[in-house]
Amino acid sequence: MKKLINTPESVLEDALAGFAAAHPELTVDIPNRVITRAARPAGPKVALVSGGGSGHEPLHGGFVGPGMLDAACPGEVFTSPVPDQMLAAAKAVENGAGVVFVVKNYTGDVMNFELAAEVAAEEGLEVRTVLVNDDVAVEDSTWTAGRRGTGATVLVEKTAGALAERGAGLDEVAALGERVNAASRSFAVALTAATVPAAGKPGFDLPEDEIEVGVGIHGEPGRRREKLRPARELAAEVVETVLADHHLTAGDEVIALLNGLGATPLLELYVVYGEVAARLAERGITVARSLVGNYVTSLDMAGFSLTLTQADAQLLDLWDAPVDTPALKRA
Amino acid sequence: MKKLINTPESVLEDALAGFAAAHPELTVDIPNRVITRAARPAGPKVALVSGGGSGHEPLHGGFVGPGMLDAACPGEVFTSPVPDQMLAAAKAVENGAGVVFVVKNYTGDVMNFELAAEVAAEEGLEVRTVLVNDDVAVEDSTWTAGRRGTGATVLVEKTAGALAERGAGLDEVAALGERVNAASRSFAVALTAATVPAAGKPGFDLPEDEIEVGVGIHGEPGRRREKLRPARELAAEVVETVLADHHLTAGDEVIALLNGLGATPLLELYVVYGEVAARLAERGITVARSLVGNYVTSLDMAGFSLTLTQADAQLLDLWDAPVDTPALKRA
Amino acid sequence: MDFDTPLFDTALAEAWIRSIAAAVEKEQDRLTELDSAIGDGDHGSNLRRGFDAALAALEGLQPTGPGAVLTRTGTTLISKVGGASGPLYGKAFRALGAALPEPAGPVALAEAMAAGLDAVRILGKAEPGDKTIVDAWTPAVAALRAAAAAGATLPEAAAAAADAAEQGARDTVPLRARKGRASYLGERSTGHQDPGATSTALLFRTLADVTGNR
Amino acid sequence: MDFDTPLFDTALAEAWIRSIAAAVEKEQDRLTELDSAIGDGDHGSNLRRGFDAALAALEGLQPTGPGAVLTRTGTTLISKVGGASGPLYGKAFRALGAALPEPAGPVALAEAMAAGLDAVRILGKAEPGDKTIVDAWTPAVAALRAAAAAGATLPEAAAAAADAAEQGARDTVPLRARKGRASYLGERSTGHQDPGATSTALLFRTLADVTGNR
Ligand SMILES: Nc1ncnc2c1ncn2[C@@H]1O[C@H](COP(=O)(O)OP(=O)(O)O)[C@@H](O)[C@H]1O
Ligand SMILES: Nc1ncnc2c1ncn2[C@@H]1O[C@H](COP(=O)(O)OP(=O)(O)O)[C@@H](O)[C@H]1O
Ligand SMILES: [Mg+2]
Ligand SMILES: [Mg+2]
Ligand SMILES: [Mg+2]
Ligand SMILES: [Mg+2]
């Protein structure tokens, strides 16, 4: 394992110190592990709080700022944050209009946010929770913990953040988040496994010519193993898989997020995106907006995920709204 | 070699197709390999053209847009583009005020841009060339091809782009570019080698516990090999090395670019940046602005480069000016 | 009840937490390895962080009884662990602490452990057979109850619970996970022992050790 | 001059380019490997792309003589190769083409090759010993001149030039690079044969082959 770290134990704290130094426009409470905007919104505004294990940067800290999140709670690497963080964050950013928790659907995240929401309610805070569960690699059945939350998180945080900024109420913001999640589907492919610093070796072994299809963002293995194939075929399969679970027909519009998992060169992401765009065009699906880059990563995993969100006028308007965060900026 | 490509031969073309699909606000001439802004500036404006081998994304195509480049010429992977591209680009974006070529100092880039400049001059275009050579890993002597151009390119393109946008003249824009280059020093460390698709294997072999210090961005080996050490020590050494060649003293201000080489997780970049910021603070050097992320990459190389540019009021003002490109946005 | 038989008192509660912390340190890598196979490779470091903090939390504590020790441990686990195991073990220890009279014999301990199991099941919604903590904790509670009913001493009952928990953990190997991260693997989750069930077995084994060493 | 001795005419120029393209295809991996050791691993694919394009450019061409073939090849290399070798070989072939009378014997060929070398040196500013193309091309020109002065036939002169170029390429092994990417390596550039000098040797060897096969 070769990593640019000091010790596996101090990764989160050390990274937060660097994040704080790089982003003076944000407030980083290192002991409590809470990232907030340095300036509170002027009037009452629904506060958006998210969080999750670290190792997915820029998610979530990179999305704190006007037009998106009010606070993020980074957990240890691949480990859900604890309720204390979420509570501290909620209290720090609550601004008279309630708090929305954006939670990726993982057992740990769900339970920790649940405990936080309980205590927050006891302390008189109004809290709504938006659960993100967009990963079609997982069957949503009694046989699983339900679909994982992955790329759609970026879309939920961006659009709900924009709506909150415009003064919408708590229920409205939460409902929008749920609507965006329901309109989103994702699927991921890995060329290499991620190495958690504390584990010291890759989460799974992958031969030189094989890929893991349907992986999650926590280094967990995927649906199955396949031979590596040309980007064209891989992209076609991923588009196919996502669409098989989507109710999109020719003429529909989507927002497409082609997301790198951490160690994928942007050059390769563009190669894949070219194929994705071509496959969608063949089916008459219009990509109204796209985003190509590293947004929801999995440490040093090479690979990509595709998220397709069915778009409409409201979503596009919110997607285009100004945002000023470390990882997403729009005038 | 596991890569998300179709064939090694078609990487550039395929990536450009994806880039074009992802960035409708730009015009991508795939056969001629020229990326330009879709809309020409209204009045006369000095046109900024850059280019270089591919594999360094987002450099240079990701920096085309208002406030930065007018055109980029992507070459084959790690191979300088050809004069035809630069000429086509210059002709496409020349807007009555001349053209500045921003050229990273590599033998191939210098010679190809030189041939292009010759022909451009013959055809009546006014061309100035700004050579970027900031990499202190290379001794600038008769024993070398001179210092390589690396991270400073982003600073030159950003600030010269902002100045051009404000209507400055050809000589003024070129002089600013040269001044920013002269105020910049960079140094890079690699944990893994890059694999050029056509070569099919890493440019050098690096044992599990060793790093290459003083690497370039073309997969070329560095100054020497060392044992991997904690981020704190590595960052200290890199800061030391950059400052040894810089005329910075306590109280001076810098713009710091902590750049990932392609396969480095953002989490690790922040760990390193925390250490860099601490070392600079110890020396009384103020980081006036910083940028942490993947900006000048080397395919799938893991590692980082640090660029320090001495700042002054003009440079900070130009650095803060609005920019709207795929990889750098500022309101 | 034999007066020489140890009861679950404050000192034993503290010794148990100390013993868990030591065992987790020793077994950290194995737990992480199990979690790498069907999860995300952090179960060892999660529990290490949690029980190190629980140990530290005992330092300044003037506990009013064994229940207070365990409640405090639960609160610390919730605050420090995160992940799935943090809230689950945290809630379990809090429930255990709340249900534990001072000092407790085998019967009371069995009921307190049952309360802990209930807390896990309420929060995590796992059934026996889902390949989780529940699969080790459920047989441990059954063994504790049976031993207590048969008049066993605390060391005897705890040893029976440890054996049952370990058997329960081993029995997770062929199971297909239906809760937690491992459920994403579907059929591929079979053939591996569940990390959480394994750490639960560790909890009961250390309990047997500290009661037996009295 | 012996009338049966072949001269450097249009057919030979075309055969040469064809032969280079074939040789580059065959040696692509070796050139890339040499470039990986002290450069960036693209010399083989650079030349492959260039000479494939040069071949294609010959297709529609109605050359007015061997010079036109070579000039066109040079222009194509400049347009298609990029990197350091593109402009250098491009300028060299253009200079070679411009300097070549039709049909040329050994003396004229030697002078044309000298013009090619000059073009490389003017653009690249490398001295002999800098571990570049110049180190293979310089001895090749010297050998051509010597052979021509001694009355050698074109095949004899070309064979001598090829031998000299190959020797020159081999002699780059101990050199420390002072130009191009390899110069960044400093002392670490020694012990490797220069890829550009190696491809120059290939150019002269194919020239010897096609003249010899006439
Ligand atoms: N719903 C649940 N109920 C009971 N135990 C669970 C549940 N989900 C997960 N677990 C247990 O948690 C263990 C994993 O814990 P840990 O690795 O610390 O958390 P995470 O899965 O968040 O990384 C699993 O091995 C399993 O025994
Ligand atoms: N200034 C120079 N003069 C002559 N030849 C040079 C010079 N610089 C580089 N070369 C030659 O170019 C070769 C490398 O070519 P190539 O790999 O195609 O280009 P690049 O170095 O741009 O990747 C080197 O091996 C060397 O022989
Ligand atoms: Mg975890
Ligand atoms: Mg090159
Ligand atoms: Mg885990
Ligand atoms: Mg090369």
# chains A, B, ... in the order shown; residues from 1 in each chain; ligands from 1
>>> interface_residues(of="chain B", to="chain A", cutoff="6 Å", atoms="only C-alpha atoms", output="CSV table (one decimal) with all heavy atoms, in the first residue's frame")
chain,number,residue,atom,x,y,z
B,4,LEU,N,-9.7,2.3,-19.5
B,4,LEU,CA,-11.1,2.5,-20.1
B,4,LEU,C,-10.9,3.1,-21.5
B,4,LEU,O,-11.1,4.3,-21.6
B,4,LEU,CB,-11.9,3.3,-19.2
B,4,LEU,CG,-12.2,2.7,-17.8
B,4,LEU,CD1,-12.7,3.7,-16.8
B,4,LEU,CD2,-13.2,1.5,-18.0
B,5,ILE,N,-10.5,2.3,-22.4
B,5,ILE,CA,-10.3,2.9,-23.8
B,5,ILE,C,-10.9,1.9,-24.8
B,5,ILE,O,-11.2,0.8,-24.4
B,5,ILE,CB,-8.8,3.1,-24.1
B,5,ILE,CG1,-8.0,1.8,-24.0
B,5,ILE,CG2,-8.2,4.1,-23.1
B,5,ILE,CD1,-6.6,1.9,-24.5
B,6,ASN,N,-10.9,2.3,-26.0
B,6,ASN,CA,-11.3,1.4,-27.1
B,6,ASN,C,-10.1,0.7,-27.7
B,6,ASN,O,-9.9,-0.5,-27.5
B,6,ASN,CB,-12.1,2.1,-28.2
B,6,ASN,CG,-13.5,2.4,-27.6
B,6,ASN,OD1,-14.2,1.6,-27.0
B,6,ASN,ND2,-14.0,3.6,-27.9
B,14,ASP,N,-11.3,9.4,-29.4
B,14,ASP,CA,-12.5,9.0,-28.6
B,14,ASP,C,-12.7,9.9,-27.4
B,14,ASP,O,-13.8,10.3,-27.1
B,14,ASP,CB,-12.3,7.5,-28.1
B,14,ASP,CG,-12.3,6.5,-29.2
B,14,ASP,OD1,-12.7,6.9,-30.3
B,14,ASP,OD2,-11.8,5.4,-29.0
B,15,ALA,N,-11.6,10.3,-26.8
B,15,ALA,CA,-11.7,11.3,-25.6
B,15,ALA,C,-12.3,12.6,-26.1
B,15,ALA,O,-13.1,13.2,-25.4
B,15,ALA,CB,-10.4,11.4,-24.9
B,17,ALA,N,-14.3,13.1,-28.6
B,17,ALA,CA,-15.7,12.9,-28.8
B,17,ALA,C,-16.5,13.1,-27.5
B,17,ALA,O,-17.6,13.7,-27.4
B,17,ALA,CB,-16.0,11.6,-29.5
B,18,GLY,N,-16.0,12.5,-26.4
B,18,GLY,CA,-16.6,12.6,-25.1
B,18,GLY,C,-16.6,14.0,-24.6
B,18,GLY,O,-17.5,14.5,-24.0
B,19,PHE,N,-15.4,14.6,-24.8
B,19,PHE,CA,-15.3,16.0,-24.4
B,19,PHE,C,-16.3,16.9,-25.1
B,19,PHE,O,-16.9,17.8,-24.5
B,19,PHE,CB,-13.8,16.5,-24.7
B,19,PHE,CG,-13.5,17.8,-24.1
B,19,PHE,CD1,-13.1,17.9,-22.7
B,19,PHE,CD2,-13.5,19.0,-24.8
B,19,PHE,CE1,-12.7,19.2,-22.2
B,19,PHE,CE2,-13.2,20.2,-24.3
B,19,PHE,CZ,-12.8,20.3,-23.0
B,22,ALA,N,-19.7,16.4,-23.7
B,22,ALA,CA,-19.8,16.9,-22.3
B,22,ALA,C,-19.8,18.4,-22.2
B,22,ALA,O,-20.3,19.0,-21.3
B,22,ALA,CB,-18.7,16.3,-21.4
B,57,GLU,N,-5.0,15.9,-18.7
B,57,GLU,CA,-6.3,16.5,-18.5
B,57,GLU,C,-6.5,16.8,-17.0
B,57,GLU,O,-6.1,16.1,-16.1
B,57,GLU,CB,-7.4,15.5,-19.0
B,57,GLU,CG,-7.4,15.3,-20.5
B,57,GLU,CD,-6.1,14.6,-21.0
B,57,GLU,OE1,-5.5,13.8,-20.3
B,57,GLU,OE2,-5.7,14.9,-22.1
B,230,PRO,N,6.2,9.2,5.4
B,230,PRO,CA,4.9,9.9,5.8
B,230,PRO,C,4.7,11.2,5.0
B,230,PRO,O,5.7,11.8,4.7
B,230,PRO,CB,5.1,10.1,7.3
B,230,PRO,CG,6.0,9.1,7.8
B,230,PRO,CD,7.0,9.0,6.7
B,231,ALA,N,3.5,11.5,4.8
B,231,ALA,CA,3.1,12.7,4.0
B,231,ALA,C,3.8,13.9,4.6
B,231,ALA,O,4.3,14.8,3.8
B,231,ALA,CB,1.6,12.9,4.0
B,262,GLY,N,-3.1,12.3,-11.2
B,262,GLY,CA,-4.1,11.6,-11.9
B,262,GLY,C,-4.7,10.5,-11.2
B,262,GLY,O,-5.9,10.3,-11.3
B,263,ALA,N,-4.0,9.7,-10.4
B,263,ALA,CA,-4.6,8.6,-9.7
B,263,ALA,C,-4.5,8.8,-8.1
B,263,ALA,O,-4.7,7.9,-7.4
B,263,ALA,CB,-3.9,7.3,-10.0
B,265,PRO,N,-6.1,10.0,-4.7
B,265,PRO,CA,-7.3,10.4,-4.1
B,265,PRO,C,-7.3,11.8,-3.6
B,265,PRO,O,-6.2,12.2,-3.0
B,265,PRO,CB,-7.6,9.3,-3.0
B,265,PRO,CG,-6.7,8.2,-3.4
B,265,PRO,CD,-5.5,8.7,-4.1
B,266,LEU,N,-8.4,12.5,-3.7
B,266,LEU,CA,-8.4,13.9,-3.2
B,266,LEU,C,-8.2,13.9,-1.7
B,266,LEU,O,-7.5,14.8,-1.1
B,266,LEU,CB,-9.8,14.4,-3.5
B,266,LEU,CG,-10.1,15.9,-3.3
B,266,LEU,CD1,-9.0,16.7,-4.0
B,266,LEU,CD2,-11.4,16.3,-3.9
B,268,GLU,N,-6.1,12.1,0.0
B,268,GLU,CA,-4.6,12.2,0.2
B,268,GLU,C,-4.0,13.5,-0.2
B,268,GLU,O,-3.1,14.1,0.5
B,268,GLU,CB,-3.9,11.1,-0.6
B,268,GLU,CG,-4.3,9.7,-0.1
B,268,GLU,CD,-3.6,8.5,-0.9
B,268,GLU,OE1,-2.5,8.7,-1.4
B,268,GLU,OE2,-4.3,7.5,-1.0
B,270,TYR,N,-5.5,16.3,0.2
B,270,TYR,CA,-5.7,17.3,1.3
B,270,TYR,C,-4.8,17.0,2.5
B,270,TYR,O,-4.3,17.9,3.1
B,270,TYR,CB,-7.2,17.2,1.7
B,270,TYR,CG,-8.1,18.0,0.9
B,270,TYR,CD1,-9.2,17.4,0.2
B,270,TYR,CD2,-7.9,19.4,0.7
B,270,TYR,CE1,-10.1,18.2,-0.5
B,270,TYR,CE2,-8.8,20.1,-0.1
B,270,TYR,CZ,-9.8,19.5,-0.7
B,270,TYR,OH,-10.7,20.3,-1.5
B,271,VAL,N,-4.5,15.7,2.7
B,271,VAL,CA,-3.5,15.4,3.7
B,271,VAL,C,-2.2,16.1,3.4
B,271,VAL,O,-1.6,16.8,4.3
B,271,VAL,CB,-3.2,13.9,3.9
B,271,VAL,CG1,-2.0,13.6,4.8
B,271,VAL,CG2,-4.5,13.2,4.4
B,273,TYR,N,-1.7,18.7,1.4
B,273,TYR,CA,-1.8,20.1,1.4
B,273,TYR,C,-1.8,20.7,2.9
B,273,TYR,O,-1.2,21.7,3.1
B,273,TYR,CB,-3.1,20.6,0.7
B,273,TYR,CG,-3.1,22.1,0.7
B,273,TYR,CD1,-2.1,22.8,-0.1
B,273,TYR,CD2,-3.9,22.8,1.5
B,273,TYR,CE1,-2.1,24.2,-0.1
B,273,TYR,CE2,-3.9,24.2,1.5
B,273,TYR,CZ,-2.9,24.9,0.7
B,273,TYR,OH,-2.8,26.2,0.8
B,274,GLY,N,-2.3,19.9,3.8
B,274,GLY,CA,-2.3,20.3,5.2
B,274,GLY,C,-0.8,20.5,5.6
B,274,GLY,O,-0.5,21.5,6.3
B,290,SER,N,-5.2,29.2,-2.8
B,290,SER,CA,-4.7,27.9,-3.1
B,290,SER,C,-5.6,27.1,-4.0
B,290,SER,O,-6.8,27.5,-4.2
B,290,SER,CB,-4.6,27.1,-1.7
B,290,SER,OG,-5.9,27.0,-1.2
B,299,LEU,N,-1.6,11.0,-16.8
B,299,LEU,CA,-2.4,9.7,-16.9
B,299,LEU,C,-2.8,9.1,-15.6
B,299,LEU,O,-3.3,9.8,-14.8
B,299,LEU,CB,-1.7,8.7,-17.8
B,299,LEU,CG,-1.5,9.1,-19.3
B,299,LEU,CD1,-0.6,8.1,-20.0
B,299,LEU,CD2,-2.9,9.2,-20.0
B,300,ASP,N,-2.4,7.9,-15.3
B,300,ASP,CA,-2.7,7.2,-14.1
B,300,ASP,C,-1.6,7.2,-13.1
B,300,ASP,O,-1.5,6.3,-12.3
B,300,ASP,CB,-3.1,5.8,-14.4
B,300,ASP,CG,-2.0,5.0,-15.2
B,300,ASP,OD1,-1.1,5.7,-15.7
B,300,ASP,OD2,-2.1,3.8,-15.4
B,331,ALA,N,-17.0,32.8,-10.2
B,331,ALA,CA,-18.1,33.8,-10.5
B,331,ALA,C,-17.5,35.2,-10.6
B,331,ALA,O,-16.5,35.5,-9.9
B,331,ALA,CB,-19.2,33.7,-9.5
>>> residues_near_ligand(ligand="ligand 2", cutoff="7 Å", atoms="only C-alpha atoms and all ligand atoms", output="ChimeraX atom specification")
/B:78-80,107-108 /D:35,39-43,46-47,83-86,88,120-121,124-126,131-134,179-181,194-197
>>> residues_around(residues="A:Arg283", least_positions_apart="5", cutoff="12 Å", atoms="only C-alpha atoms", output="list in words")
Ala236, Val239, Glu240, Leu243, Leu248, Thr249, Ala250, Gly251, Asp252, Glu253, Val276, Ala277 and Ala278 of chain A
>>> write_last_selection(atoms="N, CA, C and O atoms", output="PDB file, in the first residue's frame")
ATOM      1  N   ALA A 236     -21.758   0.560 -23.094  1.00  0.00           N
ATOM      2  CA  ALA A 236     -23.054   0.070 -23.592  1.00  0.00           C
ATOM      3  C   ALA A 236     -23.731  -0.789 -22.531  1.00  0.00           C
ATOM      4  O   ALA A 236     -24.927  -0.669 -22.271  1.00  0.00           O
ATOM      5  N   VAL A 239     -24.974   1.493 -19.644  1.00  0.00           N
ATOM      6  CA  VAL A 239     -26.171   2.240 -20.062  1.00  0.00           C
ATOM      7  C   VAL A 239     -27.387   1.307 -20.065  1.00  0.00           C
ATOM      8  O   VAL A 239     -28.446   1.628 -19.522  1.00  0.00           O
ATOM      9  N   GLU A 240     -27.194   0.145 -20.652  1.00  0.00           N
ATOM     10  CA  GLU A 240     -28.240  -0.882 -20.701  1.00  0.00           C
ATOM     11  C   GLU A 240     -28.775  -1.203 -19.307  1.00  0.00           C
ATOM     12  O   GLU A 240     -29.982  -1.237 -19.073  1.00  0.00           O
ATOM     13  N   LEU A 243     -30.667   1.733 -17.773  1.00  0.00           N
ATOM     14  CA  LEU A 243     -31.959   1.978 -18.433  1.00  0.00           C
ATOM     15  C   LEU A 243     -32.959   0.859 -18.161  1.00  0.00           C
ATOM     16  O   LEU A 243     -34.165   1.093 -18.111  1.00  0.00           O
ATOM     17  N   LEU A 248     -37.396   5.397 -18.837  1.00  0.00           N
ATOM     18  CA  LEU A 248     -37.106   6.445 -19.808  1.00  0.00           C
ATOM     19  C   LEU A 248     -37.477   5.962 -21.197  1.00  0.00           C
ATOM     20  O   LEU A 248     -37.241   4.809 -21.552  1.00  0.00           O
ATOM     21  N   THR A 249     -38.055   6.863 -21.977  1.00  0.00           N
ATOM     22  CA  THR A 249     -38.344   6.509 -23.364  1.00  0.00           C
ATOM     23  C   THR A 249     -37.790   7.593 -24.263  1.00  0.00           C
ATOM     24  O   THR A 249     -37.378   8.657 -23.793  1.00  0.00           O
ATOM     25  N   ALA A 250     -37.755   7.273 -25.560  1.00  0.00           N
ATOM     26  CA  ALA A 250     -37.217   8.229 -26.525  1.00  0.00           C
ATOM     27  C   ALA A 250     -37.907   9.574 -26.327  1.00  0.00           C
ATOM     28  O   ALA A 250     -39.121   9.640 -26.128  1.00  0.00           O
ATOM     29  N   GLY A 251     -37.103  10.641 -26.357  1.00  0.00           N
ATOM     30  CA  GLY A 251     -37.648  11.968 -26.174  1.00  0.00           C
ATOM     31  C   GLY A 251     -37.467  12.486 -24.753  1.00  0.00           C
ATOM     32  O   GLY A 251     -37.541  13.687 -24.513  1.00  0.00           O
ATOM     33  N   ASP A 252     -37.204  11.567 -23.810  1.00  0.00           N
ATOM     34  CA  ASP A 252     -36.981  12.009 -22.432  1.00  0.00           C
ATOM     35  C   ASP A 252     -35.631  12.707 -22.295  1.00  0.00           C
ATOM     36  O   ASP A 252     -34.702  12.440 -23.057  1.00  0.00           O
ATOM     37  N   GLU A 253     -35.562  13.569 -21.316  1.00  0.00           N
ATOM     38  CA  GLU A 253     -34.315  14.269 -21.030  1.00  0.00           C
ATOM     39  C   GLU A 253     -33.704  13.757 -19.737  1.00  0.00           C
ATOM     40  O   GLU A 253     -34.427  13.437 -18.792  1.00  0.00           O
ATOM     41  N   VAL A 276     -21.070   6.636 -23.754  1.00  0.00           N
ATOM     42  CA  VAL A 276     -22.354   6.748 -23.062  1.00  0.00           C
ATOM     43  C   VAL A 276     -23.288   7.676 -23.836  1.00  0.00           C
ATOM     44  O   VAL A 276     -24.459   7.353 -24.076  1.00  0.00           O
ATOM     45  N   ALA A 277     -22.743   8.833 -24.216  1.00  0.00           N
ATOM     46  CA  ALA A 277     -23.558   9.817 -24.930  1.00  0.00           C
ATOM     47  C   ALA A 277     -24.070   9.228 -26.245  1.00  0.00           C
ATOM     48  O   ALA A 277     -25.233   9.427 -26.627  1.00  0.00           O
ATOM     49  N   ALA A 278     -23.204   8.473 -26.920  1.00  0.00           N
ATOM     50  CA  ALA A 278     -23.605   7.883 -28.204  1.00  0.00           C
ATOM     51  C   ALA A 278     -24.719   6.852 -28.005  1.00  0.00           C
ATOM     52  O   ALA A 278     -25.688   6.801 -28.767  1.00  0.00           O
TER      53      ALA A 278
END
>>> residues_around(residues="B:Gln310", least_positions_apart="3", cutoff="10 Å", atoms="only C-alpha atoms", output="ChimeraX atom specification")
/B:180-185,246-248,252-256,285-288,307,315-316
>>> closest_residue(among="D:Asp209, D:Asp163, D:Asp135, D:Asp29", to="chain B", atoms="only C-alpha atoms")
D:Asp29
>>> residues_around(residues="B:Asn105", least_positions_apart="5", cutoff="9 Å", atoms="only C-alpha atoms", output="PDB file with N, CA and C atoms, in the first residue's frame")
ATOM      1  N   VAL B 110       8.225  22.882 -27.944  1.00  0.00           N
ATOM      2  CA  VAL B 110       8.907  24.112 -28.369  1.00  0.00           C
ATOM      3  C   VAL B 110       9.094  24.114 -29.880  1.00  0.00           C
ATOM      4  N   LEU B 131       6.970  30.888 -22.808  1.00  0.00           N
ATOM      5  CA  LEU B 131       7.500  29.569 -22.475  1.00  0.00           C
ATOM      6  C   LEU B 131       7.369  29.346 -20.968  1.00  0.00           C
ATOM      7  N   VAL B 132       6.777  28.220 -20.599  1.00  0.00           N
ATOM      8  CA  VAL B 132       6.619  27.904 -19.175  1.00  0.00           C
ATOM      9  C   VAL B 132       7.688  26.887 -18.783  1.00  0.00           C
ATOM     10  N   ASN B 133       8.493  27.222 -17.800  1.00  0.00           N
ATOM     11  CA  ASN B 133       9.558  26.298 -17.365  1.00  0.00           C
ATOM     12  C   ASN B 133       9.797  26.436 -15.869  1.00  0.00           C
ATOM     13  N   ASP B 134       8.954  25.762 -15.122  1.00  0.00           N
ATOM     14  CA  ASP B 134       8.907  25.967 -13.676  1.00  0.00           C
ATOM     15  C   ASP B 134       9.421  24.809 -12.835  1.00  0.00           C
ATOM     16  N   ALA B 145      17.670  20.081 -21.511  1.00  0.00           N
ATOM     17  CA  ALA B 145      16.789  20.825 -22.413  1.00  0.00           C
ATOM     18  C   ALA B 145      16.113  21.959 -21.652  1.00  0.00           C
ATOM     19  N   GLY B 146      16.575  22.216 -20.433  1.00  0.00           N
ATOM     20  CA  GLY B 146      15.997  23.289 -19.630  1.00  0.00           C
ATOM     21  C   GLY B 146      14.853  22.772 -18.801  1.00  0.00           C
ATOM     22  N   ARG B 147      14.432  23.601 -17.872  1.00  0.00           N
ATOM     23  CA  ARG B 147      13.366  23.191 -16.962  1.00  0.00           C
ATOM     24  C   ARG B 147      12.069  22.904 -17.698  1.00  0.00           C
ATOM     25  N   ARG B 148      11.406  21.870 -17.230  1.00  0.00           N
ATOM     26  CA  ARG B 148      10.127  21.492 -17.833  1.00  0.00           C
ATOM     27  C   ARG B 148       9.020  22.454 -17.401  1.00  0.00           C
ATOM     28  N   GLY B 149       8.007  22.533 -18.242  1.00  0.00           N
ATOM     29  CA  GLY B 149       6.822  23.304 -17.887  1.00  0.00           C
ATOM     30  C   GLY B 149       5.797  22.392 -17.249  1.00  0.00           C
ATOM     31  N   THR B 150       5.347  22.726 -16.035  1.00  0.00           N
ATOM     32  CA  THR B 150       4.355  21.870 -15.371  1.00  0.00           C
ATOM     33  C   THR B 150       3.239  22.737 -14.772  1.00  0.00           C
TER      34      THR B 150
END
